[in-house]
>>> print(open('run06.pdb').read())   # PDB, C-alpha atoms, pLDDT in the B column
ATOM      1  CA  MET T  23      85.903 114.221 107.675  1.00 86.00           C
ATOM      2  CA  TYR T  24      87.362 110.920 106.423  1.00 87.00           C
ATOM      3  CA  THR T  25      90.408 112.754 105.043  1.00 85.00           C
ATOM      4  CA  LYS T  26      90.979 114.418 108.417  1.00 87.00           C
ATOM      5  CA  LEU T  27      90.750 111.019 110.118  1.00 90.00           C
ATOM      6  CA  CYS T  28      93.226 109.485 107.671  1.00 88.00           C
ATOM      7  CA  ALA T  29      95.595 112.459 107.967  1.00 86.00           C
ATOM      8  CA  GLY T  30      95.495 112.188 111.759  1.00 87.00           C
ATOM      9  CA  LEU T  31      96.120 108.429 111.651  1.00 91.00           C
ATOM     10  CA  SER T  32      98.984 108.988 109.243  1.00 90.00           C
ATOM     11  CA  ARG T  33     100.580 111.622 111.486  1.00 90.00           C
ATOM     12  CA  LEU T  34     100.119 109.395 114.536  1.00 93.00           C
ATOM     13  CA  SER T  35     101.627 106.421 112.675  1.00 92.00           C
ATOM     14  CA  LEU T  36     104.580 108.535 111.602  1.00 91.00           C
ATOM     15  CA  MET T  37     105.162 109.768 115.150  1.00 93.00           C
ATOM     16  CA  LEU T  38     104.925 106.221 116.537  1.00 95.00           C
ATOM     17  CA  ALA T  39     107.356 105.015 113.867  1.00 94.00           C
ATOM     18  CA  VAL T  40     109.825 107.731 114.854  1.00 94.00           C
ATOM     19  CA  VAL T  41     109.473 106.822 118.544  1.00 96.00           C
ATOM     20  CA  GLY T  42     109.947 103.164 117.618  1.00 95.00           C
ATOM     21  CA  LEU T  43     113.023 104.013 115.577  1.00 96.00           C
ATOM     22  CA  ILE T  44     114.521 105.930 118.498  1.00 96.00           C
ATOM     23  CA  ALA T  45     113.746 102.991 120.804  1.00 95.00           C
ATOM     24  CA  LEU T  46     115.339 100.655 118.262  1.00 95.00           C
ATOM     25  CA  VAL T  47     118.544 102.710 118.153  1.00 95.00           C
ATOM     26  CA  LEU T  48     118.676 102.883 121.955  1.00 94.00           C
ATOM     27  CA  CYS T  49     118.076  99.152 122.214  1.00 93.00           C
ATOM     28  CA  VAL T  50     120.913  98.341 119.815  1.00 92.00           C
ATOM     29  CA  GLN T  51     123.212 100.834 121.583  1.00 93.00           C
ATOM     30  CA  TYR T  52     122.437  99.196 124.915  1.00 92.00           C
ATOM     31  CA  GLN T  53     123.232  95.806 123.437  1.00 90.00           C
ATOM     32  CA  VAL T  54     126.575  97.026 122.064  1.00 90.00           C
ATOM     33  CA  ILE T  55     127.491  98.706 125.369  1.00 91.00           C
ATOM     34  CA  GLY T  56     126.524  95.560 127.244  1.00 89.00           C
ATOM     35  CA  ARG T  57     128.568  93.343 124.989  1.00 86.00           C
ATOM     36  CA  TYR T  58     131.755  95.377 124.608  1.00 87.00           C
ATOM     37  CA  ILE T  59     131.940  97.557 127.719  1.00 87.00           C
ATOM     38  CA  MET T  60     130.207  95.565 130.449  1.00 86.00           C
ATOM     39  CA  ASN T  61     131.114  92.181 128.917  1.00 85.00           C
ATOM     40  CA  ASP T  62     127.532  91.071 129.655  1.00 84.00           C
ATOM     41  CA  THR T  63     125.320  90.886 126.575  1.00 82.00           C
ATOM     42  CA  PRO T  64     121.653  91.676 127.302  1.00 85.00           C
ATOM     43  CA  THR T  65     119.943  88.833 125.432  1.00 85.00           C
ATOM     44  CA  TRP T  66     116.548  90.520 125.275  1.00 89.00           C
ATOM     45  CA  ALA T  67     117.873  93.584 123.435  1.00 89.00           C
ATOM     46  CA  GLU T  68     118.279  91.860 120.073  1.00 89.00           C
ATOM     47  CA  ALA T  69     114.826  90.252 120.272  1.00 90.00           C
ATOM     48  CA  LEU T  70     113.260  93.609 121.145  1.00 93.00           C
ATOM     49  CA  ALA T  71     115.138  95.328 118.322  1.00 93.00           C
ATOM     50  CA  LEU T  72     113.827  92.783 115.823  1.00 93.00           C
ATOM     51  CA  LEU T  73     110.283  93.288 117.082  1.00 94.00           C
ATOM     52  CA  LEU T  74     110.648  97.064 116.869  1.00 95.00           C
ATOM     53  CA  VAL T  75     111.850  96.772 113.269  1.00 96.00           C
ATOM     54  CA  LEU T  76     108.554  95.083 112.379  1.00 95.00           C
ATOM     55  CA  TYR T  77     106.480  97.877 113.923  1.00 96.00           C
ATOM     56  CA  VAL T  78     108.570 100.729 112.511  1.00 96.00           C
ATOM     57  CA  THR T  79     108.503  99.197 109.033  1.00 95.00           C
ATOM     58  CA  ALA T  80     104.771  98.477 109.087  1.00 95.00           C
ATOM     59  CA  LEU T  81     103.874 101.991 110.211  1.00 93.00           C
ATOM     60  CA  GLY T  82     106.300 103.518 107.711  1.00 91.00           C
ATOM     61  CA  VAL T  83     104.802 101.522 104.847  1.00 90.00           C
ATOM     62  CA  ALA T  84     101.288 102.638 105.765  1.00 91.00           C
ATOM     63  CA  VAL T  85     102.352 106.294 105.925  1.00 90.00           C
ATOM     64  CA  GLY T  86     104.079 105.831 102.562  1.00 87.00           C
ATOM     65  CA  VAL T  87     100.812 104.658 101.027  1.00 85.00           C
ATOM     66  CA  ARG T  88      98.911 107.632 102.482  1.00 87.00           C
ATOM     67  CA  ASP T  89     101.495 110.134 101.315  1.00 84.00           C
ATOM     68  CA  ALA T  90     101.841 108.461  97.884  1.00 73.00           C
ATOM     69  CA  GLY T  91     105.361 107.287  98.582  1.00 63.00           C
ATOM     70  CA  HIS T  92     104.712 103.726  97.475  1.00 57.00           C
ATOM     71  CA  ILE T  93     105.740 102.233  94.162  1.00 59.00           C
ATOM     72  CA  GLY T  94     102.817 103.000  91.919  1.00 55.00           C
ATOM     73  CA  LEU T  95     104.581 103.027  88.571  1.00 51.00           C
ATOM     74  CA  GLU T  96     104.080 106.794  88.401  1.00 63.00           C
ATOM     75  CA  SER T  97     106.517 107.155  85.527  1.00 66.00           C
ATOM     76  CA  MET T  98     104.487 104.756  83.388  1.00 74.00           C
ATOM     77  CA  VAL T  99     101.197 106.361  84.399  1.00 72.00           C
ATOM     78  CA  ALA T 100     102.478 109.840  83.514  1.00 72.00           C
ATOM     79  CA  LEU T 101     102.957 108.720  79.902  1.00 75.00           C
ATOM     80  CA  LEU T 102      99.312 107.730  79.518  1.00 79.00           C
ATOM     81  CA  PRO T 103      96.578 109.991  78.142  1.00 83.00           C
ATOM     82  CA  ASP T 104      94.581 111.814  80.844  1.00 80.00           C
ATOM     83  CA  ARG T 105      91.499 109.613  80.507  1.00 81.00           C
ATOM     84  CA  TRP T 106      93.526 106.404  80.861  1.00 86.00           C
ATOM     85  CA  ARG T 107      95.665 107.856  83.630  1.00 82.00           C
ATOM     86  CA  HIS T 108      92.581 108.398  85.797  1.00 82.00           C
ATOM     87  CA  TRP T 109      91.456 104.766  85.430  1.00 87.00           C
ATOM     88  CA  VAL T 110      94.933 103.357  85.961  1.00 84.00           C
ATOM     89  CA  GLU T 111      95.372 105.432  89.131  1.00 83.00           C
ATOM     90  CA  LEU T 112      92.027 104.117  90.405  1.00 86.00           C
ATOM     91  CA  LEU T 113      93.173 100.578  89.599  1.00 88.00           C
ATOM     92  CA  ILE T 114      96.481 101.122  91.422  1.00 86.00           C
ATOM     93  CA  HIS T 115      94.704 102.250  94.591  1.00 88.00           C
ATOM     94  CA  LEU T 116      92.244  99.369  94.302  1.00 93.00           C
ATOM     95  CA  LEU T 117      95.131  96.892  94.033  1.00 91.00           C
ATOM     96  CA  VAL T 118      97.065  98.489  96.899  1.00 90.00           C
ATOM     97  CA  GLY T 119      93.914  98.394  99.056  1.00 94.00           C
ATOM     98  CA  THR T 120      93.387  94.748  98.147  1.00 96.00           C
ATOM     99  CA  PHE T 121      96.970  93.993  99.137  1.00 95.00           C
ATOM    100  CA  GLY T 122      96.325  95.738 102.479  1.00 96.00           C
ATOM    101  CA  ALA T 123      93.253  93.577 103.032  1.00 97.00           C
ATOM    102  CA  ILE T 124      95.332  90.462 102.299  1.00 97.00           C
ATOM    103  CA  MET T 125      97.882  91.686 104.862  1.00 96.00           C
ATOM    104  CA  VAL T 126      95.135  91.958 107.479  1.00 97.00           C
ATOM    105  CA  TYR T 127      93.794  88.506 106.677  1.00 97.00           C
ATOM    106  CA  GLY T 128      97.221  86.834 106.611  1.00 96.00           C
ATOM    107  CA  GLY T 129      98.324  88.615 109.775  1.00 95.00           C
ATOM    108  CA  TRP T 130      95.148  87.525 111.539  1.00 97.00           C
ATOM    109  CA  ILE T 131      95.629  83.880 110.529  1.00 96.00           C
ATOM    110  CA  TRP T 132      99.264  83.863 111.714  1.00 96.00           C
ATOM    111  CA  ALA T 133      98.528  85.785 114.921  1.00 95.00           C
ATOM    112  CA  GLN T 134      95.843  83.280 115.847  1.00 94.00           C
ATOM    113  CA  ALA T 135      98.179  80.377 115.121  1.00 94.00           C
ATOM    114  CA  LYS T 136     101.011  81.863 117.215  1.00 93.00           C
ATOM    115  CA  TRP T 137      99.041  83.403 120.081  1.00 93.00           C
ATOM    116  CA  GLY T 138      99.766  80.596 122.521  1.00 92.00           C
ATOM    117  CA  GLN T 139     103.508  80.555 121.867  1.00 93.00           C
ATOM    118  CA  VAL T 140     105.776  82.813 123.904  1.00 93.00           C
ATOM    119  CA  LYS T 141     108.978  84.521 122.800  1.00 91.00           C
ATOM    120  CA  PRO T 142     111.437  83.205 125.389  1.00 90.00           C
ATOM    121  CA  LEU T 143     113.668  86.301 125.512  1.00 88.00           C
ATOM    122  CA  LEU T 144     110.816  88.813 125.817  1.00 90.00           C
ATOM    123  CA  GLY T 145     108.026  86.876 127.507  1.00 89.00           C
ATOM    124  CA  VAL T 146     105.408  88.093 124.996  1.00 92.00           C
ATOM    125  CA  SER T 147     103.323  86.146 122.537  1.00 93.00           C
ATOM    126  CA  GLU T 148     104.766  85.226 119.136  1.00 92.00           C
ATOM    127  CA  ALA T 149     101.614  86.854 117.731  1.00 94.00           C
ATOM    128  CA  MET T 150     103.268  90.220 118.414  1.00 94.00           C
ATOM    129  CA  ASP T 151     105.237  89.629 115.198  1.00 94.00           C
ATOM    130  CA  TYR T 152     102.026  89.633 113.154  1.00 95.00           C
ATOM    131  CA  ILE T 153     100.093  92.460 114.789  1.00 95.00           C
ATOM    132  CA  PRO T 154     102.030  95.158 112.880  1.00 95.00           C
ATOM    133  CA  LEU T 155     101.091  93.386 109.652  1.00 95.00           C
ATOM    134  CA  MET T 156      97.417  93.725 110.559  1.00 96.00           C
ATOM    135  CA  ILE T 157      97.768  97.347 111.702  1.00 95.00           C
ATOM    136  CA  ALA T 158      99.555  98.317 108.499  1.00 96.00           C
ATOM    137  CA  GLY T 159      96.997  96.418 106.428  1.00 96.00           C
ATOM    138  CA  VAL T 160      94.054  98.236 107.999  1.00 97.00           C
ATOM    139  CA  LEU T 161      95.762 101.593 107.515  1.00 95.00           C
ATOM    140  CA  ILE T 162      96.661 100.763 103.903  1.00 94.00           C
ATOM    141  CA  VAL T 163      93.042  99.850 103.156  1.00 96.00           C
ATOM    142  CA  MET T 164      91.829 103.091 104.746  1.00 94.00           C
ATOM    143  CA  PHE T 165      94.397 105.218 102.934  1.00 92.00           C
ATOM    144  CA  SER T 166      93.698 103.513  99.594  1.00 91.00           C
ATOM    145  CA  ILE T 167      89.990 104.222 100.014  1.00 93.00           C
ATOM    146  CA  GLU T 168      90.854 107.840 100.743  1.00 92.00           C
ATOM    147  CA  HIS T 169      92.928 108.100  97.545  1.00 89.00           C
ATOM    148  CA  PHE T 170      90.236 106.312  95.537  1.00 91.00           C
ATOM    149  CA  LEU T 171      87.520 108.715  96.738  1.00 91.00           C
ATOM    150  CA  ALA T 172      89.762 111.733  96.159  1.00 90.00           C
ATOM    151  CA  LEU T 173      90.397 110.618  92.572  1.00 86.00           C
ATOM    152  CA  LEU T 174      86.677 110.195  91.973  1.00 88.00           C
ATOM    153  CA  ARG T 175      86.137 113.772  93.236  1.00 89.00           C
ATOM    154  CA  GLY T 176      89.044 115.112  91.199  1.00 84.00           C
ATOM    155  CA  GLN T 177      91.026 116.009  94.320  1.00 84.00           C
ATOM    156  CA  THR T 178      94.455 115.090  95.607  1.00 82.00           C
ATOM    157  CA  VAL T 179      95.407 113.797  99.019  1.00 81.00           C
ATOM    158  CA  GLU T 180      97.806 116.144 100.752  1.00 82.00           C
ATOM    159  CA  PRO T 181     100.636 114.450 102.648  1.00 81.00           C
ATOM    160  CA  ALA T 182     100.018 114.470 106.395  1.00 75.00           C
ATOM    161  CA  TRP T 183     103.523 115.650 107.209  1.00 72.00           C
ATOM    162  CA  ASN T 184     103.080 118.991 105.383  1.00 66.00           C
TER     163      ASN T 184
END
>>> encode(input="run06.pdb", output="structure tokens")
Amino acid sequence: MYTKLCAGLSRLSLMLAVVGLIALVLCVQYQVIGRYIMNDTPTWAEALALLLVLYVTALGVAVGVRDAGHIGLESMVALLPDRWRHWVELLIHLLVGTFGAIMVYGGWIWAQAKWGQVKPLLGVSEAMDYIPLMIAGVLIVMFSIEHFLALLRGQTVEPAWN
């Protein structure tokens, strides 16, 4: 059940990242057209593009953790004996999950500090820059727990995009 939840969240995150990437490309295209064809640069387009980069990156990182696309020193782990490999893989997922928890905590602290400030070009709170950090952190913690439990059961986590 937990694996199905994580797989669904991973697929949803991947789809949202793709939609965000398309929106990012359209936003930058609109800015270029505005600047060079209409000779009237839309000032909000660059600010929105930067915000979209944060969301696309955060969701992509979380999906990478779920689908084992993160840097986990796999080449070093593969050289270890089987018994050690199991413990090192557990440690890697524990450390990645801890890093995700730190992302949530740090994002929360910064979002609270910036909530009252407004981005002048977009009219949204500056905290919007830190929300993707928290979302990615929560997903990374969940996906690390999933990998940890799968290793304890002797199973593997299948990538959600298969």
>>> residues_around(input="run06.pdb", residues="Leu76 of chain T", least_positions_apart="2", cutoff="12 Å", atoms="all atoms listed in the file", output="list in words")
Ala39, Gly42, Leu43, Leu46, Ala69, Leu70, Ala71, Leu72, Leu73, Leu74, Val78, Thr79, Ala80, Leu81, Gly82, Val83, Met150, Asp151, Tyr152, Ile153, Pro154, Leu155, Met156, Ile157 and Ala158 of chain T
>>> atom_distance(input="run06.pdb", atom1="atom CA of Val75 of chain T", atom2="atom CA of Ser166 of chain T")
23.7 Å
>>> resolve_selection(input="run06.pdb", expression="the PyMOL selection byres ((chain T and resi 85) around 10)", output="short mmCIF file (atom, residue, chain, number, x, y, z; two decimals) with C-alpha atoms, keeping the file's coordinate frame")
data_model
loop_
_atom_site.label_atom_id
_atom_site.label_comp_id
_atom_site.auth_asym_id
_atom_site.auth_seq_id
_atom_site.Cartn_x
_atom_site.Cartn_y
_atom_site.Cartn_z
CA CYS T 28 93.23 109.48 107.67
CA ALA T 29 95.60 112.46 107.97
CA LEU T 31 96.12 108.43 111.65
CA SER T 32 98.98 108.99 109.24
CA ARG T 33 100.58 111.62 111.49
CA LEU T 34 100.12 109.40 114.54
CA SER T 35 101.63 106.42 112.68
CA LEU T 36 104.58 108.54 111.60
CA ALA T 39 107.36 105.02 113.87
CA THR T 79 108.50 99.20 109.03
CA ALA T 80 104.77 98.48 109.09
CA LEU T 81 103.87 101.99 110.21
CA GLY T 82 106.30 103.52 107.71
CA VAL T 83 104.80 101.52 104.85
CA ALA T 84 101.29 102.64 105.76
CA GLY T 86 104.08 105.83 102.56
CA VAL T 87 100.81 104.66 101.03
CA ARG T 88 98.91 107.63 102.48
CA ASP T 89 101.50 110.13 101.32
CA ALA T 90 101.84 108.46 97.88
CA GLY T 91 105.36 107.29 98.58
CA HIS T 92 104.71 103.73 97.48
CA ALA T 158 99.56 98.32 108.50
CA LEU T 161 95.76 101.59 107.52
CA ILE T 162 96.66 100.76 103.90
CA PHE T 165 94.40 105.22 102.93
CA PRO T 181 100.64 114.45 102.65
CA ALA T 182 100.02 114.47 106.40
CA TRP T 183 103.52 115.65 107.21
#
>>> closest_residue(input="run06.pdb", among="T:Val54, T:Met125, T:Lys141, T:Val40", to="Gly159 of chain T", atoms="all atoms listed in the file")
T:Met125
>>> atom_distance(input="run06.pdb", atom1="atom CA of Thr63 of chain T", atom2="atom CA of Leu144 of chain T")
14.7 Å
>>> atom_distance(input="run06.pdb", atom1="atom CA of Gly138 of chain T", atom2="atom CA of Ala123 of chain T")
24.3 Å
>>> residues_around(input="run06.pdb", residues="His108 of chain T", least_positions_apart="4", cutoff="8 Å", atoms="only C-alpha atoms", output="VMD selection string")
chain T and resid 104 112 173
>>> residues_near_point(input="run06.pdb", point="(115.9, 83.9, 129.1)", cutoff="8 Å", atoms="only C-alpha atoms", output="NGL selection string")
:T and (65-66 or 142-144)
>>> residues_near_point(input="run06.pdb", point="(101.1, 82.6, 119.4)", cutoff="9 Å", atoms="all atoms listed in the file", output="list in words")
Trp132, Ala133, Gln134, Ala135, Lys136, Trp137, Gly138, Gln139, Val140, Lys141, Val146, Ser147, Glu148, Ala149 and Met150 of chain T
>>> write_last_selection(input="run06.pdb", atoms="C-alpha atoms", output="short mmCIF file (atom, residue, chain, number, x, y, z; two decimals), in the coordinates of the input")
data_model
loop_
_atom_site.label_atom_id
_atom_site.label_comp_id
_atom_site.auth_asym_id
_atom_site.auth_seq_id
_atom_site.Cartn_x
_atom_site.Cartn_y
_atom_site.Cartn_z
CA TRP T 132 99.26 83.86 111.71
CA ALA T 133 98.53 85.78 114.92
CA GLN T 134 95.84 83.28 115.85
CA ALA T 135 98.18 80.38 115.12
CA LYS T 136 101.01 81.86 117.22
CA TRP T 137 99.04 83.40 120.08
CA GLY T 138 99.77 80.60 122.52
CA GLN T 139 103.51 80.56 121.87
CA VAL T 140 105.78 82.81 123.90
CA LYS T 141 108.98 84.52 122.80
CA VAL T 146 105.41 88.09 125.00
CA SER T 147 103.32 86.15 122.54
CA GLU T 148 104.77 85.23 119.14
CA ALA T 149 101.61 86.85 117.73
CA MET T 150 103.27 90.22 118.41
#
>>> resolve_selection(input="run06.pdb", expression="the PyMOL selection byres ((chain T and resi 174) around 12)", output="count of residues only")
18
>>> decode(input="run06.pdb", residues="segment 66-89 of chain T", atoms="N, CA, C and O atoms", output="short mmCIF file (atom, residue, chain, number, x, y, z; two decimals), in the first residue's frame")
data_model
loop_
_atom_site.label_atom_id
_atom_site.label_comp_id
_atom_site.auth_asym_id
_atom_site.auth_seq_id
_atom_site.Cartn_x
_atom_site.Cartn_y
_atom_site.Cartn_z
N TRP T 66 7.44 40.29 -15.85
CA TRP T 66 7.05 39.20 -14.98
C TRP T 66 7.53 37.84 -15.50
O TRP T 66 7.63 36.88 -14.73
N ALA T 67 7.81 37.73 -16.78
CA ALA T 67 8.14 36.44 -17.38
C ALA T 67 9.42 35.85 -16.79
O ALA T 67 9.50 34.65 -16.53
N GLU T 68 10.44 36.68 -16.60
CA GLU T 68 11.69 36.17 -16.04
C GLU T 68 11.50 35.72 -14.59
O GLU T 68 12.00 34.67 -14.18
N ALA T 69 10.76 36.48 -13.81
CA ALA T 69 10.51 36.13 -12.41
C ALA T 69 9.73 34.81 -12.32
O ALA T 69 10.02 33.96 -11.48
N LEU T 70 8.74 34.66 -13.20
CA LEU T 70 7.97 33.42 -13.21
C LEU T 70 8.84 32.25 -13.65
O LEU T 70 8.75 31.15 -13.09
N ALA T 71 9.68 32.45 -14.63
CA ALA T 71 10.58 31.39 -15.10
C ALA T 71 11.50 30.92 -13.97
O ALA T 71 11.71 29.72 -13.78
N LEU T 72 12.04 31.87 -13.23
CA LEU T 72 12.91 31.51 -12.10
C LEU T 72 12.16 30.71 -11.04
O LEU T 72 12.69 29.75 -10.47
N LEU T 73 10.93 31.10 -10.77
CA LEU T 73 10.11 30.38 -9.80
C LEU T 73 9.79 28.96 -10.30
O LEU T 73 9.86 27.99 -9.55
N LEU T 74 9.48 28.86 -11.58
CA LEU T 74 9.19 27.55 -12.16
C LEU T 74 10.40 26.62 -12.12
O LEU T 74 10.26 25.42 -11.92
N VAL T 75 11.59 27.18 -12.30
CA VAL T 75 12.81 26.38 -12.22
C VAL T 75 12.92 25.72 -10.84
O VAL T 75 13.29 24.54 -10.73
N LEU T 76 12.57 26.45 -9.80
CA LEU T 76 12.64 25.89 -8.44
C LEU T 76 11.70 24.71 -8.29
O LEU T 76 12.07 23.67 -7.72
N TYR T 77 10.48 24.83 -8.80
CA TYR T 77 9.49 23.76 -8.66
C TYR T 77 9.86 22.54 -9.52
O TYR T 77 9.78 21.40 -9.05
N VAL T 78 10.27 22.79 -10.75
CA VAL T 78 10.65 21.69 -11.64
C VAL T 78 11.84 20.92 -11.06
O VAL T 78 11.85 19.69 -11.03
N THR T 79 12.83 21.65 -10.58
CA THR T 79 14.02 21.02 -10.01
C THR T 79 13.67 20.22 -8.76
O THR T 79 14.12 19.07 -8.60
N ALA T 80 12.89 20.80 -7.87
CA ALA T 80 12.54 20.12 -6.62
C ALA T 80 11.77 18.83 -6.90
O ALA T 80 12.07 17.78 -6.31
N LEU T 81 10.80 18.89 -7.79
CA LEU T 81 10.03 17.68 -8.10
C LEU T 81 10.90 16.65 -8.80
O LEU T 81 10.80 15.45 -8.54
N GLY T 82 11.78 17.11 -9.69
CA GLY T 82 12.68 16.19 -10.38
C GLY T 82 13.64 15.49 -9.44
O GLY T 82 13.92 14.29 -9.58
N VAL T 83 14.14 16.22 -8.46
CA VAL T 83 15.05 15.62 -7.47
C VAL T 83 14.32 14.55 -6.67
O VAL T 83 14.86 13.46 -6.43
N ALA T 84 13.11 14.84 -6.24
CA ALA T 84 12.34 13.87 -5.47
C ALA T 84 12.08 12.60 -6.28
O ALA T 84 12.24 11.48 -5.78
N VAL T 85 11.69 12.76 -7.53
CA VAL T 85 11.47 11.60 -8.40
C VAL T 85 12.77 10.82 -8.59
O VAL T 85 12.77 9.59 -8.60
N GLY T 86 13.88 11.54 -8.70
CA GLY T 86 15.18 10.88 -8.82
C GLY T 86 15.52 10.03 -7.62
O GLY T 86 16.09 8.94 -7.75
N VAL T 87 15.16 10.49 -6.44
CA VAL T 87 15.39 9.69 -5.23
C VAL T 87 14.51 8.44 -5.25
O VAL T 87 14.96 7.34 -4.96
N ARG T 88 13.25 8.58 -5.63
CA ARG T 88 12.33 7.44 -5.67
C ARG T 88 12.79 6.39 -6.68
O ARG T 88 12.75 5.19 -6.44
N ASP T 89 13.25 6.87 -7.83
CA ASP T 89 13.62 5.95 -8.90
C ASP T 89 15.11 5.64 -8.90
O ASP T 89 15.65 5.19 -9.90
#
